[in-house]
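Encoded as structure tokens, the structure appears first; notes follow it.
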Amino acid sequence: MDLVKLQRQLVDYRDSLYHECFLDEQFTQLQELQDENNPDFVVEVVSLFFEDSERLLNELTKALEQQSIDFKRVDAHVHQLKGSSSSIGAQRVQKSCIAFRNYCEEQNVEGCLTCLQLVRQEYYLVKSKLEALFKLEQQILSAGGSIPI
Amino acid sequence: MKSKAKHYSRIKCQQWGSPVYYISFLLFKTKFHPVSGILLEMAVNGAVTWLRRAGEMDGYGLSASDTEEVHVLAVDDSQVDRKVIERLLKITSCKVTAVDSGRRALQFLGLDDEKEASNGFDGLKVDLIITDYCMPGMTGYELLKKVKESSVFREIPVVIMSSENVITRIDRCLEEGAEDFIVKPVKLSDVKRIIDCMMTDLREGGGGRRGINKRKLRDDGEDRSSSSPPSTLSSSSSSTAPCSPTTVDSPTRRLKMTSFEEHVFSNKK
């Protein structure tokens with residue numbers, strides 16, 4: 001594909017992610033921390049986020065399956081997920097965690113289960129979006145171009 | 001418009017030991033701090049130090065650690081956050097040791113098991129500790145207390161980071177001796193501000209360090225879709241005086257609140 005077209009596609013796609021609140025300015029901040037000496041910084045941080053999130057989603061699923069739910073533990077996991085999503089700018093995941101924590105505080109099982117579903121959904125959405133974004137970036141780099149700011 | 005004194009607030013640690021630098025700096029001081037007299041004497045004698053723990057320095061000959069960057073001990077249980085803070089600090093020309101718990105931080109300092117470090121410091125000295133508040137096991141607050149209780153390490157500035165903007169928490173940390181409190185997510189401007197303030201503080205003797213406690217306040221759940229202007233990555237210090245009371249880097253950055261504001265915020269969780 002034409003390099004210019006690819007670059008345009010990337011810019012449009014990335015803009016849409018901000019517009020739809022999948023990403024916020026913290027993601028921009030991460031991109032600004034990347035340079036020629038640290039060209040994979042964003043991918044590395046985001047990979048850690050994926051790793052953390054999947055682990056936490058598993059923990060949450062297990063914790064909410066218990067006979068007697070330890071809401072403190074559930075809350076602790078959600079807090080962690082909220083933190084890491086905030087640190088990479090995954091705004092919708094972060095916001096869904098806030099709602100989740102409220103249900104934990106109320107010890108509302110149904111609420112928690114619904115939120116878990118929502119958080120999981122948001123996570124997998126942003127994951128696929130980010131992977132698509134990185135793929136576009138890779139295509140541009142492979143075509144010898146640079147990633148537009 | 002930067003004064004000459006301001007120029008020295010850049011992170012150029014290799015210049016720290018220079019007596020010429022000390023004397024030049026002191027010429028621009030308008031306030032004579034009691035410690036400055038000591039600094040001047042030290043500068044004149046050629047025995048210079050910016051840090052009150054003078055162990056490693058021998059006269060004018062700078063030891064290896066003095067020509068190195070500021071060494072920051074970063075403490076956070078989240079691997080995502082550790083990676084980010086590490087990068088932020090490296091961009092700000094700091095050397096970073098990142099650990100995942102308060103326990104490990106104490107071990108690194110040689111303060112674990114309530115034992116005081118025997119000789120001050122062997123190995124790398126730490127110039128700043130930046131720690132997350134909410135951590136399993138030992139919280140950042142507990143780590144702060146341990147550091148401040150230590151006769152050897154209590155002068156090390158400690159900065160707390162938290163995703164939660166809780167006034168009582170912030171106050172508690174500041175009262176316990178925290179230098180500053182950053183609400184996460186941490187940005188480059190936060191780190192630059194911290195490092196700049198730290199440098200200025202050390203230069204001015206550090207005794208009155210609680211002069212200005214700045215907090216970054218941001219409501220959880222607030223719509224942050226409006227992006228702030230991208231911070232520049234140039235290594236120049238921020239364009240506004242780092243510790244000036246009127247500095248506002250972004251709309252969310254505020255000073256210690258007035259009692260009215262405290263009242264308002266204490267009603268929100």
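Chain lettering (A, B, ...) mirrors the order of the structure tokens, residue numbering begins at 1 for each chain separately, and ligand numbering begins at 1 in order of display.
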Distance cut-off 10 Å, counting only C-alpha atoms - which residues of chain A neighbour chain B? Return them as a PyMOL selection string. chain A and resi 18-26+28-35+38+41-42+44-52+76+79-89+91+94-99
Next item on the list: Select from chain A everything DSSP, run on the backbone, classes as alpha helix (DSSP H), then give the selection as an MDAnalysis selection string.
Entry: chainID A and resid 3:19 25:32 41:65 71:88 91:106 109:142
Might you pull out every residue within 8 Å of Ala63 (chain A), with only C-alpha atoms counted and same-chain residues fewer than 4 positions away left off, and present them as a PyMOL selection string?
-> chain A and resi 59+69-70+73-74
Got time to write the residues from that selection, N, CA, C and O atoms, as a PDB file, in the first residue's frame?
```
ATOM      1  N   GLU A  59      -8.118 -13.318  37.919  1.00  0.00           N
ATOM      2  CA  GLU A  59      -8.235 -13.273  39.380  1.00  0.00           C
ATOM      3  C   GLU A  59      -9.631 -12.819  39.783  1.00  0.00           C
ATOM      4  O   GLU A  59     -10.225 -13.341  40.740  1.00  0.00           O
ATOM      5  N   ILE A  69     -17.651 -14.231  48.880  1.00  0.00           N
ATOM      6  CA  ILE A  69     -16.783 -13.327  48.114  1.00  0.00           C
ATOM      7  C   ILE A  69     -16.011 -12.379  49.025  1.00  0.00           C
ATOM      8  O   ILE A  69     -16.595 -11.732  49.906  1.00  0.00           O
ATOM      9  N   ASP A  70     -14.735 -12.309  48.781  1.00  0.00           N
ATOM     10  CA  ASP A  70     -13.901 -11.387  49.521  1.00  0.00           C
ATOM     11  C   ASP A  70     -13.859 -10.078  48.724  1.00  0.00           C
ATOM     12  O   ASP A  70     -13.052  -9.916  47.799  1.00  0.00           O
ATOM     13  N   ARG A  73     -10.646  -8.107  48.417  1.00  0.00           N
ATOM     14  CA  ARG A  73      -9.706  -8.671  47.448  1.00  0.00           C
ATOM     15  C   ARG A  73     -10.109  -8.279  46.015  1.00  0.00           C
ATOM     16  O   ARG A  73      -9.274  -7.902  45.194  1.00  0.00           O
ATOM     17  N   VAL A  74     -11.421  -8.383  45.782  1.00  0.00           N
ATOM     18  CA  VAL A  74     -11.934  -7.997  44.457  1.00  0.00           C
ATOM     19  C   VAL A  74     -11.576  -6.545  44.186  1.00  0.00           C
ATOM     20  O   VAL A  74     -11.062  -6.186  43.125  1.00  0.00           O
TER      21      VAL A  74
END
```
- Query: How many Å lie between CA of Asp112 (chain B) and CA of Val159 (chain B), rounded to one decimal?
  - Reply: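 Value for the CA of Asp112 (chain B)-CA of Val159 (chain B) distance: 19.7 Å.
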Correct to one decimal, the distance CA of Leu56 (chain A)-CA of Arg101 (chain A) is 14.0 Å
A straight line from CA of Asp75 (chain A) to CA of Gly102 (chain B) spans 20.9 Å
With only C-alpha atoms as the counted atoms, please give the residues lying no more than 12 Å from region 137-139 of chain A, apart from itself and same-chain residues fewer than 4 positions off, as a ChimeraX atom specification.
/A:1-11,13-14,39-40,42-43,130-133,143-149
- Message: So, with only C-alpha atoms as the atoms that count, which of B:Asp76, B:Phe153, B:Asp127, B:Met199 lies closest to Thr139 (chain B)?
- Response: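 With only C-alpha atoms as the atom set, the closest residue is B:Asp76.
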